[in-house]
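A.B. asks: My file is data-v7.pdb. It has PDB, C-alpha atoms and all ligand atoms:
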```pdb
ATOM      1  CA  MET A 212     178.152  73.491 209.775
ATOM      2  CA  GLN A 213     178.859  74.440 213.379
ATOM      3  CA  VAL A 214     182.293  75.029 214.840
ATOM      4  CA  GLU A 215     183.473  75.591 218.389
ATOM      5  CA  LEU A 216     185.649  78.567 219.234
ATOM      6  CA  LEU A 217     186.894  79.183 222.796
ATOM      7  CA  GLY A 218     183.945  77.192 224.060
ATOM      8  CA  ALA A 219     181.341  79.064 222.016
ATOM      9  CA  ARG A 220     179.388  77.687 219.121
ATOM     10  CA  VAL A 221     179.755  79.529 215.822
ATOM     11  CA  ASP A 222     177.673  78.703 212.745
ATOM     12  CA  GLY A 223     179.817  78.592 209.637
ATOM     13  CA  ILE A 224     177.296  80.025 207.220
ATOM     14  CA  ARG A 225     177.143  82.692 204.559
ATOM     15  CA  LEU A 226     174.938  85.758 204.831
ATOM     16  CA  GLU A 227     172.499  84.419 202.250
ATOM     17  CA  GLN A 228     172.233  81.102 204.082
ATOM     18  CA  ALA A 229     171.494  82.938 207.320
ATOM     19  CA  VAL A 230     168.685  84.814 205.576
ATOM     20  CA  GLU A 231     167.274  81.509 204.277
ATOM     21  CA  ARG A 232     167.471  80.043 207.762
ATOM     22  CA  VAL A 233     165.501  82.994 209.123
ATOM     23  CA  ALA A 234     162.944  82.609 206.324
ATOM     24  CA  GLY A 235     162.463  79.030 207.502
ATOM     25  CA  PHE A 236     161.831  80.164 211.071
ATOM     26  CA  VAL A 237     159.403  82.901 210.047
ATOM     27  CA  GLY A 238     157.605  80.536 207.665
ATOM     28  CA  SER A 239     157.044  77.938 210.379
ATOM     29  CA  ARG A 240     156.121  80.598 212.967
ATOM     30  CA  GLN A 241     158.927  79.471 215.232
ATOM     31  CA  SER A 242     160.799  81.824 217.506
ATOM     32  CA  CYS A 243     164.486  82.118 216.837
ATOM     33  CA  TRP A 244     167.347  84.003 218.437
ATOM     34  CA  ILE A 245     170.401  85.121 216.514
ATOM     35  CA  ILE A 246     173.681  86.338 217.980
ATOM     36  CA  THR A 247     176.219  88.116 215.808
ATOM     37  CA  LEU A 248     179.342  87.194 217.736
ATOM     38  CA  ASN A 249     182.248  89.637 217.764
ATOM     39  CA  PRO A 250     185.646  89.280 219.490
ATOM     40  CA  GLU A 251     184.692  91.602 222.353
ATOM     41  CA  LEU A 252     181.691  89.497 223.233
ATOM     42  CA  LEU A 253     183.551  86.212 222.934
ATOM     43  CA  TYR A 254     186.501  87.491 224.962
ATOM     44  CA  ARG A 255     184.132  88.481 227.727
ATOM     45  CA  ALA A 256     182.326  85.141 227.553
ATOM     46  CA  TRP A 257     185.664  83.388 227.971
ATOM     47  CA  SER A 258     185.748  84.535 231.595
ATOM     48  CA  GLU A 259     182.008  84.889 232.179
ATOM     49  CA  ARG A 260     180.476  81.451 232.149
ATOM     50  CA  ASP A 261     176.874  82.693 232.247
ATOM     51  CA  LEU A 262     177.471  84.638 229.075
ATOM     52  CA  LEU A 263     179.109  81.675 227.364
ATOM     53  CA  ASN A 264     176.168  79.445 228.288
ATOM     54  CA  LEU A 265     173.820  82.075 226.980
ATOM     55  CA  ILE A 266     175.646  82.276 223.631
ATOM     56  CA  ASN A 267     175.388  78.521 223.319
ATOM     57  CA  ARG A 268     171.630  78.690 223.829
ATOM     58  CA  ALA A 269     171.044  80.872 220.774
ATOM     59  CA  ASP A 270     169.621  79.289 217.615
ATOM     60  CA  LEU A 271     172.166  80.847 215.294
ATOM     61  CA  VAL A 272     175.552  82.407 216.081
ATOM     62  CA  THR A 273     177.241  84.207 213.202
ATOM     63  CA  ALA A 274     180.873  85.277 212.862
ATOM     64  CA  ASP A 275     180.585  89.044 213.229
ATOM     65  CA  GLY A 276     183.741  90.529 211.809
ATOM     66  CA  VAL A 277     187.165  89.587 210.559
ATOM     67  CA  GLY A 278     188.427  88.882 214.094
ATOM     68  CA  ILE A 279     186.129  85.893 214.534
ATOM     69  CA  VAL A 280     186.715  84.669 210.963
ATOM     70  CA  TRP A 281     190.479  84.838 211.587
ATOM     71  CA  ALA A 282     190.164  83.071 214.943
ATOM     72  CA  CYS A 283     188.149  80.228 213.387
ATOM     73  CA  ARG A 284     190.898  79.793 210.792
ATOM     74  CA  MET A 285     193.561  79.731 213.514
ATOM     75  CA  ALA A 286     191.547  77.064 215.296
ATOM     76  CA  GLY A 287     191.539  74.986 212.108
ATOM     77  CA  ARG A 288     187.770  75.393 211.808
ATOM     78  CA  PRO A 289     187.308  77.979 209.065
ATOM     79  CA  VAL A 290     183.953  79.640 208.448
ATOM     80  CA  PRO A 291     183.039  80.824 204.936
ATOM     81  CA  GLU A 292     182.579  84.546 205.592
ATOM     82  CA  ARG A 293     181.748  87.179 208.160
ATOM     83  CA  VAL A 294     178.085  87.842 208.814
ATOM     84  CA  THR A 295     177.768  91.158 210.627
ATOM     85  CA  GLY A 296     174.753  92.517 212.465
ATOM     86  CA  ILE A 297     174.295  95.381 210.035
ATOM     87  CA  ASP A 298     174.575  93.245 206.908
ATOM     88  CA  LEU A 299     172.106  90.785 208.387
ATOM     89  CA  MET A 300     169.725  93.583 209.306
ATOM     90  CA  LEU A 301     169.829  95.047 205.793
ATOM     91  CA  ARG A 302     169.430  91.724 203.983
ATOM     92  CA  LEU A 303     166.632  90.623 206.309
ATOM     93  CA  SER A 304     164.832  93.944 205.840
ATOM     94  CA  ALA A 305     165.045  93.519 202.061
ATOM     95  CA  ARG A 306     163.567  90.055 202.375
ATOM     96  CA  ALA A 307     160.942  91.275 204.846
ATOM     97  CA  ALA A 308     159.767  93.887 202.330
ATOM     98  CA  LYS A 309     159.367  91.169 199.704
ATOM     99  CA  GLU A 310     157.616  88.666 201.962
ATOM    100  CA  GLY A 311     155.504  91.106 203.962
ATOM    101  CA  TRP A 312     157.182  90.277 207.275
ATOM    102  CA  ARG A 313     156.629  92.787 210.060
ATOM    103  CA  VAL A 314     159.758  94.269 211.627
ATOM    104  CA  PHE A 315     160.262  95.981 214.973
ATOM    105  CA  LEU A 316     163.292  98.094 215.861
ATOM    106  CA  LEU A 317     164.179  98.243 219.552
ATOM    107  CA  GLY A 318     167.189 100.179 220.805
ATOM    108  CA  ALA A 319     169.554 103.140 220.409
ATOM    109  CA  ALA A 320     169.002 106.708 221.631
ATOM    110  CA  PRO A 321     165.501 108.261 221.470
ATOM    111  CA  GLY A 322     164.602 109.037 217.865
ATOM    112  CA  VAL A 323     167.245 106.841 216.240
ATOM    113  CA  ALA A 324     165.134 103.684 215.828
ATOM    114  CA  GLY A 325     162.424 105.764 214.093
ATOM    115  CA  GLU A 326     164.978 107.369 211.769
ATOM    116  CA  ALA A 327     166.496 103.972 210.989
ATOM    117  CA  ALA A 328     163.009 102.592 210.248
ATOM    118  CA  SER A 329     162.275 105.472 207.835
ATOM    119  CA  ARG A 330     165.569 104.889 206.057
ATOM    120  CA  LEU A 331     164.837 101.157 205.778
ATOM    121  CA  LYS A 332     161.414 101.924 204.302
ATOM    122  CA  ARG A 333     163.046 104.165 201.708
ATOM    123  CA  LEU A 334     165.625 101.500 200.887
ATOM    124  CA  TYR A 335     163.095  98.689 200.774
ATOM    125  CA  PRO A 336     159.702 100.008 199.629
ATOM    126  CA  GLY A 337     156.803  98.097 201.060
ATOM    127  CA  LEU A 338     158.607  97.236 204.303
ATOM    128  CA  VAL A 339     156.116  96.940 207.132
ATOM    129  CA  VAL A 340     157.476  98.492 210.336
ATOM    130  CA  ALA A 341     155.402  97.121 213.191
ATOM    131  CA  GLY A 342     156.949  99.540 215.694
ATOM    132  CA  THR A 343     160.036 101.186 217.138
ATOM    133  CA  HIS A 344     161.228 102.012 220.655
ATOM    134  CA  HIS A 345     164.430 103.511 222.019
ATOM    135  CA  GLY A 346     166.836 101.495 224.133
ATOM    136  CA  TYR A 347     167.130 103.688 227.223
ATOM    137  CA  PHE A 348     164.398 102.286 229.438
ATOM    138  CA  SER A 349     164.767 101.316 233.100
ATOM    139  CA  PRO A 350     164.374  97.769 234.453
ATOM    140  CA  ALA A 351     161.005  98.873 235.845
ATOM    141  CA  GLU A 352     159.878  99.891 232.345
ATOM    142  CA  GLU A 353     161.027  96.640 230.763
ATOM    143  CA  PRO A 354     157.683  94.768 231.082
ATOM    144  CA  SER A 355     155.827  97.547 229.263
ATOM    145  CA  VAL A 356     158.439  97.558 226.470
ATOM    146  CA  VAL A 357     158.089  93.780 226.125
ATOM    147  CA  GLU A 358     154.319  94.163 225.996
ATOM    148  CA  LEU A 359     154.615  96.838 223.315
ATOM    149  CA  VAL A 360     156.720  94.510 221.177
ATOM    150  CA  ARG A 361     154.424  91.547 221.781
ATOM    151  CA  GLN A 362     151.331  93.502 220.779
ATOM    152  CA  ALA A 363     153.032  94.707 217.600
ATOM    153  CA  ARG A 364     153.386  91.027 216.553
ATOM    154  CA  PRO A 365     156.646  91.429 214.661
ATOM    155  CA  ASP A 366     158.109  88.609 212.595
ATOM    156  CA  LEU A 367     161.544  90.145 212.975
ATOM    157  CA  LEU A 368     162.792  91.996 216.021
ATOM    158  CA  PHE A 369     166.066  93.891 215.734
ATOM    159  CA  VAL A 370     167.533  94.640 219.157
ATOM    160  CA  ALA A 371     170.239  97.312 219.308
ATOM    161  CA  LEU A 372     171.160  97.708 222.971
ATOM    162  CA  GLY A 373     174.843  96.850 222.494
ATOM    163  CA  ALA A 374     176.421  93.552 223.433
ATOM    164  CA  PRO A 375     176.005  91.803 225.820
ATOM    165  CA  LYS A 376     173.068  93.857 227.108
ATOM    166  CA  GLN A 377     170.945  92.932 224.079
ATOM    167  CA  GLU A 378     171.812  89.236 224.450
ATOM    168  CA  TYR A 379     170.729  89.212 228.105
ATOM    169  CA  TRP A 380     167.600  91.162 227.191
ATOM    170  CA  ILE A 381     166.591  88.718 224.464
ATOM    171  CA  ALA A 382     167.369  85.673 226.633
ATOM    172  CA  ARG A 383     165.194  87.079 229.428
ATOM    173  CA  ASN A 384     162.265  88.046 227.276
ATOM    174  CA  ARG A 385     162.145  85.774 224.282
ATOM    175  CA  ALA A 386     159.445  83.511 225.714
ATOM    176  CA  ALA A 387     157.165  86.520 226.170
ATOM    177  CA  LEU A 388     157.823  87.851 222.680
ATOM    178  CA  GLY A 389     155.863  85.210 220.789
ATOM    179  CA  ALA A 390     157.135  83.824 217.522
ATOM    180  CA  ALA A 391     159.492  86.631 216.579
ATOM    181  CA  VAL A 392     162.956  86.088 215.194
ATOM    182  CA  ALA A 393     165.147  88.230 217.481
ATOM    183  CA  VAL A 394     168.519  89.491 216.283
ATOM    184  CA  GLY A 395     171.019  91.482 218.367
ATOM    185  CA  VAL A 396     172.504  94.111 216.052
ATOM    186  CA  GLY A 397     174.653  96.331 218.304
ATOM    187  CA  GLY A 398     175.203  99.822 216.953
ATOM    188  CA  SER A 399     173.499  99.172 213.583
ATOM    189  CA  PHE A 400     170.589 101.603 214.067
ATOM    190  CA  ASP A 401     173.040 104.506 214.404
ATOM    191  CA  VAL A 402     174.613 103.543 211.084
ATOM    192  CA  VAL A 403     171.318 102.945 209.258
ATOM    193  CA  ALA A 404     169.941 106.240 210.595
ATOM    194  CA  GLY A 405     173.034 107.980 209.249
ATOM    195  CA  ARG A 406     174.288 109.091 212.670
ATOM    196  CA  ILE A 407     177.501 107.108 212.251
ATOM    197  CA  ARG A 408     179.100 106.490 208.892
ATOM    198  CA  ARG A 409     180.103 102.965 208.019
ATOM    199  CA  ALA A 410     183.532 102.290 206.536
ATOM    200  CA  PRO A 411     183.628 102.551 202.723
ATOM    201  CA  PHE A 412     183.599  99.212 200.963
ATOM    202  CA  TRP A 413     187.291  99.383 200.029
ATOM    203  CA  ILE A 414     188.223  99.707 203.703
ATOM    204  CA  GLN A 415     185.982  96.733 204.509
ATOM    205  CA  ARG A 416     187.712  94.785 201.726
ATOM    206  CA  LEU A 417     191.087  95.562 203.318
ATOM    207  CA  ARG A 418     189.637  94.174 206.563
ATOM    208  CA  LEU A 419     190.245  97.476 208.293
ATOM    209  CA  GLU A 420     186.702  98.376 209.303
ATOM    210  CA  TRP A 421     187.724  98.133 212.970
ATOM    211  CA  LEU A 422     190.424 100.793 212.394
ATOM    212  CA  PHE A 423     187.935 103.072 210.641
ATOM    213  CA  ARG A 424     185.561 102.726 213.600
ATOM    214  CA  LEU A 425     188.347 103.531 216.024
ATOM    215  CA  LEU A 426     189.274 106.709 214.130
ATOM    216  CA  LYS A 427     185.620 107.765 213.845
ATOM    217  CA  GLU A 428     184.779 107.006 217.452
ATOM    218  CA  PRO A 429     188.019 107.482 219.416
ATOM    219  CA  ALA A 430     186.123 106.811 222.648
ATOM    220  CA  ARG A 431     186.118 103.155 221.586
ATOM    221  CA  TRP A 432     189.859 102.757 222.086
ATOM    222  CA  ARG A 433     189.477 101.345 225.574
ATOM    223  CA  ARG A 434     187.046  98.699 224.312
ATOM    224  CA  MET A 435     189.335  97.913 221.428
ATOM    225  CA  LEU A 436     192.159  97.012 223.771
ATOM    226  CA  VAL A 437     190.349  93.716 223.949
ATOM    227  CA  LEU A 438     191.241  92.913 220.334
ATOM    228  CA  PRO A 439     194.967  92.177 220.909
ATOM    229  CA  LEU A 440     194.055  90.291 224.087
ATOM    230  CA  PHE A 441     191.587  88.223 222.094
ATOM    231  CA  ALA A 442     194.185  87.566 219.375
ATOM    232  CA  TRP A 443     196.707  86.482 222.007
ATOM    233  CA  LEU A 444     194.201  84.139 223.628
ATOM    234  CA  VAL A 445     193.447  82.528 220.264
ATOM    235  CA  LEU A 446     197.126  82.118 219.356
ATOM    236  CA  LYS A 447     197.931  80.719 222.789
ATOM    237  CA  LYS A 448     195.165  78.161 222.660
ATOM    238  CA  TYR A 449     195.287  77.062 219.042
ATOM    239  CA  LYS A 450     198.847  77.692 217.844
ATOM    240  CA  LEU A 451     201.139  77.633 220.863
ATOM    241  CA  ARG A 452     198.833  75.206 222.668
ATOM    242  CA  ILE A 453     199.639  76.605 226.091
TER     243      ILE A 453
HETATM  244  N1  LIG B 501     172.249 101.363 223.651
HETATM  245  C1  LIG B 501     170.930 101.338 224.062
HETATM  246  N2  LIG B 501     170.658 101.205 225.393
HETATM  247  C2  LIG B 501     171.638 101.124 226.324
HETATM  248  C3  LIG B 501     172.987 101.111 225.893
HETATM  249  C4  LIG B 501     173.254 101.232 224.530
HETATM  250  O1  LIG B 501     170.019 101.416 223.253
HETATM  251  O2  LIG B 501     171.319 101.012 227.509
HETATM  252  C5  LIG B 501     172.524 101.481 222.206
HETATM  253  C6  LIG B 501     173.429 102.630 221.823
HETATM  254  O3  LIG B 501     172.692 103.825 221.727
HETATM  255  C7  LIG B 501     173.978 102.150 220.504
HETATM  256  C8  LIG B 501     174.034 100.634 220.693
HETATM  257  O4  LIG B 501     173.203 100.338 221.800
HETATM  258  O5  LIG B 501     173.080 102.442 219.465
HETATM  259  C9  LIG B 501     175.431 100.106 221.014
HETATM  260  O6  LIG B 501     176.274 100.392 219.991
HETATM  261  P1  LIG B 501     177.762  99.819 220.008
HETATM  262  O7  LIG B 501     178.371 100.179 218.703
HETATM  263  O8  LIG B 501     178.444 100.211 221.258
HETATM  264  O9  LIG B 501     177.458  98.247 220.104
HETATM  265  P2  LIG B 501     178.266  97.001 219.618
HETATM  266  O10 LIG B 501     177.951  96.874 218.153
HETATM  267  O11 LIG B 501     179.709  97.276 219.871
HETATM  268  O12 LIG B 501     177.669  95.921 220.461
END
```
Could you rewrite the structure in this file as structure tokens?
C.D. replies:
Amino acid sequence: MQVELLGARVDGIRLEQAVERVAGFVGSRQSCWIITLNPELLYRAWSERDLLNLINRADLVTADGVGIVWACRMAGRPVPERVTGIDLMLRLSARAAKEGWRVFLLGAAPGVAGEAASRLKRLYPGLVVAGTHHGYFSPAEEPSVVELVRQARPDLLFVALGAPKQEYWIARNRAALGAAVAVGVGGSFDVVAGRIRRAPFWIQRLRLEWLFRLLKEPARWRRMLVLPLFAWLVLKKYKLRI
């Protein structure tokens, strides 16, 4: 089921269904591009038409976080659950280990992608890591990074350059990347590598992961100012209808 939220397409699917969908793409050697859509990205796309068009070109757009799940409910188009970048990355890595899919980790500060890959291999024995590369390369270096990924022939490519940089990067390069399933996963490598701690499950259950992140990374406050603006936009459009 697909719903429309502030002009963007959102797929109303559960995490397990998303994993099955990816399995279908890998099995048929088709390329696929997944966006995990959070309120910051959607708010930006609301006033940046190119970004909105780009989101609507992806093959799968998941509701990343309680903000999007709430907004879909306000719009009268509920989605079943949130499907975050990190949860998707972990579940897909587990499946990759079982199926023998090759994974590539692109992004984050030098060293982090390698650490995240080692942690994933410990969590999911048998996982084949086709390669890793940090996310601080210049535009001039981009072709050689793309070539590195292409030659590694990954089935799954996790891209952690932050949104919307990773979305633009995937859109630009997906044709050159072969059949890989590309997923933008934001800051997930830092969490998997243990550089940033994720909120305990009880905080996630209370839907307060955003608050935990703010307290852990106070520098995010400026970015988080977008959240009330996003909430206001949603209420205005779908409840007050102004
Ligand atoms: N990053 C990167 N290259 C850049 C800018 C950012 O690899 O040019 C990485 C950064 O190191 C971090 C991730 O992208 O690991 C962004 O994390 P953040 O939590 O800000 O992303 P979000 O999940 O909010 O999109």
A.B. asks: Could you build a table of the residues in chain A lying no more than 10 Å from ligand LIG 501 (chain B), giving for each the nearest pair of atoms and their separation in Å rounded to one decimal place, using only C-alpha atoms and all ligand atoms, ordered by chain and ascending residue number, as a Markdown table?
C.D. replies:
```
| residue | atom | partner | partner_atom | distance |
| --- | --- | --- | --- | --- |
| A:Thr247 | CA | B:LIG501 | O12 | 9.2 |
| A:Leu248 | CA | B:LIG501 | O12 | 9.3 |
| A:Asn249 | CA | B:LIG501 | O12 | 8.2 |
| A:Pro250 | CA | B:LIG501 | O11 | 10.0 |
| A:Glu251 | CA | B:LIG501 | O11 | 7.9 |
| A:Leu252 | CA | B:LIG501 | O12 | 8.1 |
| A:Asp275 | CA | B:LIG501 | O10 | 9.6 |
| A:Thr295 | CA | B:LIG501 | O10 | 9.5 |
| A:Gly296 | CA | B:LIG501 | O10 | 7.8 |
| A:Ile297 | CA | B:LIG501 | O10 | 9.0 |
| A:Leu317 | CA | B:LIG501 | O1 | 7.6 |
| A:Gly318 | CA | B:LIG501 | O1 | 3.9 |
| A:Ala319 | CA | B:LIG501 | O1 | 3.4 |
| A:Ala320 | CA | B:LIG501 | O3 | 4.7 |
| A:Pro321 | CA | B:LIG501 | O1 | 8.4 |
| A:Val323 | CA | B:LIG501 | O5 | 8.0 |
| A:Ala324 | CA | B:LIG501 | O5 | 8.8 |
| A:His344 | CA | B:LIG501 | O1 | 9.2 |
| A:His345 | CA | B:LIG501 | O1 | 6.1 |
| A:Gly346 | CA | B:LIG501 | O1 | 3.3 |
| A:Tyr347 | CA | B:LIG501 | N2 | 4.7 |
| A:Phe348 | CA | B:LIG501 | O2 | 7.3 |
| A:Ser349 | CA | B:LIG501 | O2 | 8.6 |
| A:Val370 | CA | B:LIG501 | O1 | 8.3 |
| A:Ala371 | CA | B:LIG501 | O4 | 4.9 |
| A:Leu372 | CA | B:LIG501 | O4 | 3.5 |
| A:Gly373 | CA | B:LIG501 | O12 | 3.6 |
| A:Ala374 | CA | B:LIG501 | O12 | 4.0 |
| A:Pro375 | CA | B:LIG501 | O12 | 7.0 |
| A:Lys376 | CA | B:LIG501 | C3 | 7.4 |
| A:Gln377 | CA | B:LIG501 | O4 | 8.1 |
| A:Glu378 | CA | B:LIG501 | O12 | 9.7 |
| A:Gly395 | CA | B:LIG501 | O12 | 8.3 |
| A:Val396 | CA | B:LIG501 | O10 | 6.5 |
| A:Gly397 | CA | B:LIG501 | O10 | 3.3 |
| A:Gly398 | CA | B:LIG501 | O6 | 3.3 |
| A:Ser399 | CA | B:LIG501 | O5 | 6.7 |
| A:Phe400 | CA | B:LIG501 | O5 | 6.0 |
| A:Asp401 | CA | B:LIG501 | O5 | 5.5 |
| A:Val402 | CA | B:LIG501 | O5 | 8.6 |
| A:Arg406 | CA | B:LIG501 | O5 | 9.6 |
| A:Ile407 | CA | B:LIG501 | O7 | 9.5 |
| A:Arg424 | CA | B:LIG501 | O7 | 9.2 |
| A:Glu428 | CA | B:LIG501 | O7 | 9.4 |
| A:Arg431 | CA | B:LIG501 | O8 | 8.2 |
| A:Arg434 | CA | B:LIG501 | O11 | 8.7 |
| A:Met435 | CA | B:LIG501 | O11 | 9.8 |
```
A.B. asks: Rounded to one decimal in Å, what is the spacing between CA of Val339 in chain A and CA of Val314 in chain A?
C.D. replies: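 Separation between CA of Val339 in chain A and CA of Val314 in chain A: 6.4 Å.
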A.B. asks: Report the residues retrieved by the PyMOL selection byres (((chain A and resi 336) around 12) and not hetatm) from the displayed file, expressed as a list in words.
C.D. replies: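 Those residues are Ser304, Ala305, Arg306, Ala307, Ala308, Lys309, Glu310, Gly311, Ala328, Ser329, Arg330, Leu331, Lys332, Arg333, Leu334, Tyr335, Gly337, Leu338, Val339 and Val340 of chain A.
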A.B. asks: For Ala234 in chain A, find every residue with an atom within 12 Å (counting all atoms listed in the file), except residues of its own chain fewer than 3 positions away, and show them as a PyMOL selection string.
C.D. replies: chain A and resi 227-231+237-243+302-307+309-312+366-367+391-392
A.B. asks: Only C-alpha atoms, please: the residues just picked out, written as a PDB file, in the frame of the given file.
C.D. replies:
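Dumped everything to selection_30.pdb:
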```
ATOM      1  CA  GLU A 227     172.499  84.419 202.250  1.00  0.00           C
ATOM      2  CA  GLN A 228     172.233  81.102 204.082  1.00  0.00           C
ATOM      3  CA  ALA A 229     171.494  82.938 207.320  1.00  0.00           C
ATOM      4  CA  VAL A 230     168.685  84.814 205.576  1.00  0.00           C
ATOM      5  CA  GLU A 231     167.274  81.509 204.277  1.00  0.00           C
ATOM      6  CA  VAL A 237     159.403  82.901 210.047  1.00  0.00           C
ATOM      7  CA  GLY A 238     157.605  80.536 207.665  1.00  0.00           C
ATOM      8  CA  SER A 239     157.044  77.938 210.379  1.00  0.00           C
ATOM      9  CA  ARG A 240     156.121  80.598 212.967  1.00  0.00           C
ATOM     10  CA  GLN A 241     158.927  79.471 215.232  1.00  0.00           C
ATOM     11  CA  SER A 242     160.799  81.824 217.506  1.00  0.00           C
ATOM     12  CA  CYS A 243     164.486  82.118 216.837  1.00  0.00           C
ATOM     13  CA  ARG A 302     169.430  91.724 203.983  1.00  0.00           C
ATOM     14  CA  LEU A 303     166.632  90.623 206.309  1.00  0.00           C
ATOM     15  CA  SER A 304     164.832  93.944 205.840  1.00  0.00           C
ATOM     16  CA  ALA A 305     165.045  93.519 202.061  1.00  0.00           C
ATOM     17  CA  ARG A 306     163.567  90.055 202.375  1.00  0.00           C
ATOM     18  CA  ALA A 307     160.942  91.275 204.846  1.00  0.00           C
ATOM     19  CA  LYS A 309     159.367  91.169 199.704  1.00  0.00           C
ATOM     20  CA  GLU A 310     157.616  88.666 201.962  1.00  0.00           C
ATOM     21  CA  GLY A 311     155.504  91.106 203.962  1.00  0.00           C
ATOM     22  CA  TRP A 312     157.182  90.277 207.275  1.00  0.00           C
ATOM     23  CA  ASP A 366     158.109  88.609 212.595  1.00  0.00           C
ATOM     24  CA  LEU A 367     161.544  90.145 212.975  1.00  0.00           C
ATOM     25  CA  ALA A 391     159.492  86.631 216.579  1.00  0.00           C
ATOM     26  CA  VAL A 392     162.956  86.088 215.194  1.00  0.00           C
TER      27      VAL A 392
END
```
A.B. asks: Expanded to explicit residues, what is the PyMOL selection byres (((chain A and resi 449) around 12) and not hetatm) for this file, as number ranges by chain?
C.D. replies: A: 215-217, 281-288, 442-448, 450-453
A.B. asks: Looking at all atoms listed in the file, which of A:Pro439, A:Pro350, A:Pro429, A:Gly389 is the one that sits closest to Pro365 in chain A?
C.D. replies: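 The shortest atom-to-atom distance to Pro365 in chain A comes from A:Gly389.
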A.B. asks: Figure out the distance between CA of Glu326 in chain A and CA of Phe369 in chain A, please, to one decimal in Å.
C.D. replies: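 Atom-to-atom, CA of Phe369 in chain A to CA of Glu326 in chain A, that is 14.1 Å.
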A.B. asks: Which distance in Å separates CA of Ile266 in chain A and CA of Ile381 in chain A, to one decimal?
C.D. replies: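 Distance between the two atoms: 11.1 Å.
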A.B. asks: Of the candidates A:Glu358, A:Gly325, A:Ala386, A:Arg418, which one gets nearest to Gly405 in chain A if we count only C-alpha atoms?
C.D. replies: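 Checking each of A:Glu358, A:Gly325, A:Ala386, A:Arg418 against Gly405 in chain A, counting only C-alpha atoms, the winner is A:Gly325.
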A.B. asks: Which of these, A:Ala382, A:Ala351, A:Val290, A:Leu316, has the shortest distance to Asp270 in chain A once you count all atoms listed in the file?
C.D. replies: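 Ranked by minimum distance to Asp270 in chain A, first place goes to A:Ala382.
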A.B. asks: Report as AutoDock Vina command-line options the centre and the edge lengths, in Å to one decimal, of the axis-aligned box holding every listed atom of range 393-410 of chain A, padded by 5 Å on each side.
C.D. replies:
```
--center_x 174.3 --center_y 98.7 --center_z 212.5 --size_x 28.4 --size_y 30.9 --size_z 21.8
```
A.B. asks: From the options A:Val272, A:Ala393, A:Arg361, A:Leu265, which residue's atoms come nearest to Phe236 in chain A, counting all atoms listed in the file?
C.D. replies: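 Smallest separation from Phe236 in chain A among the options: A:Ala393.
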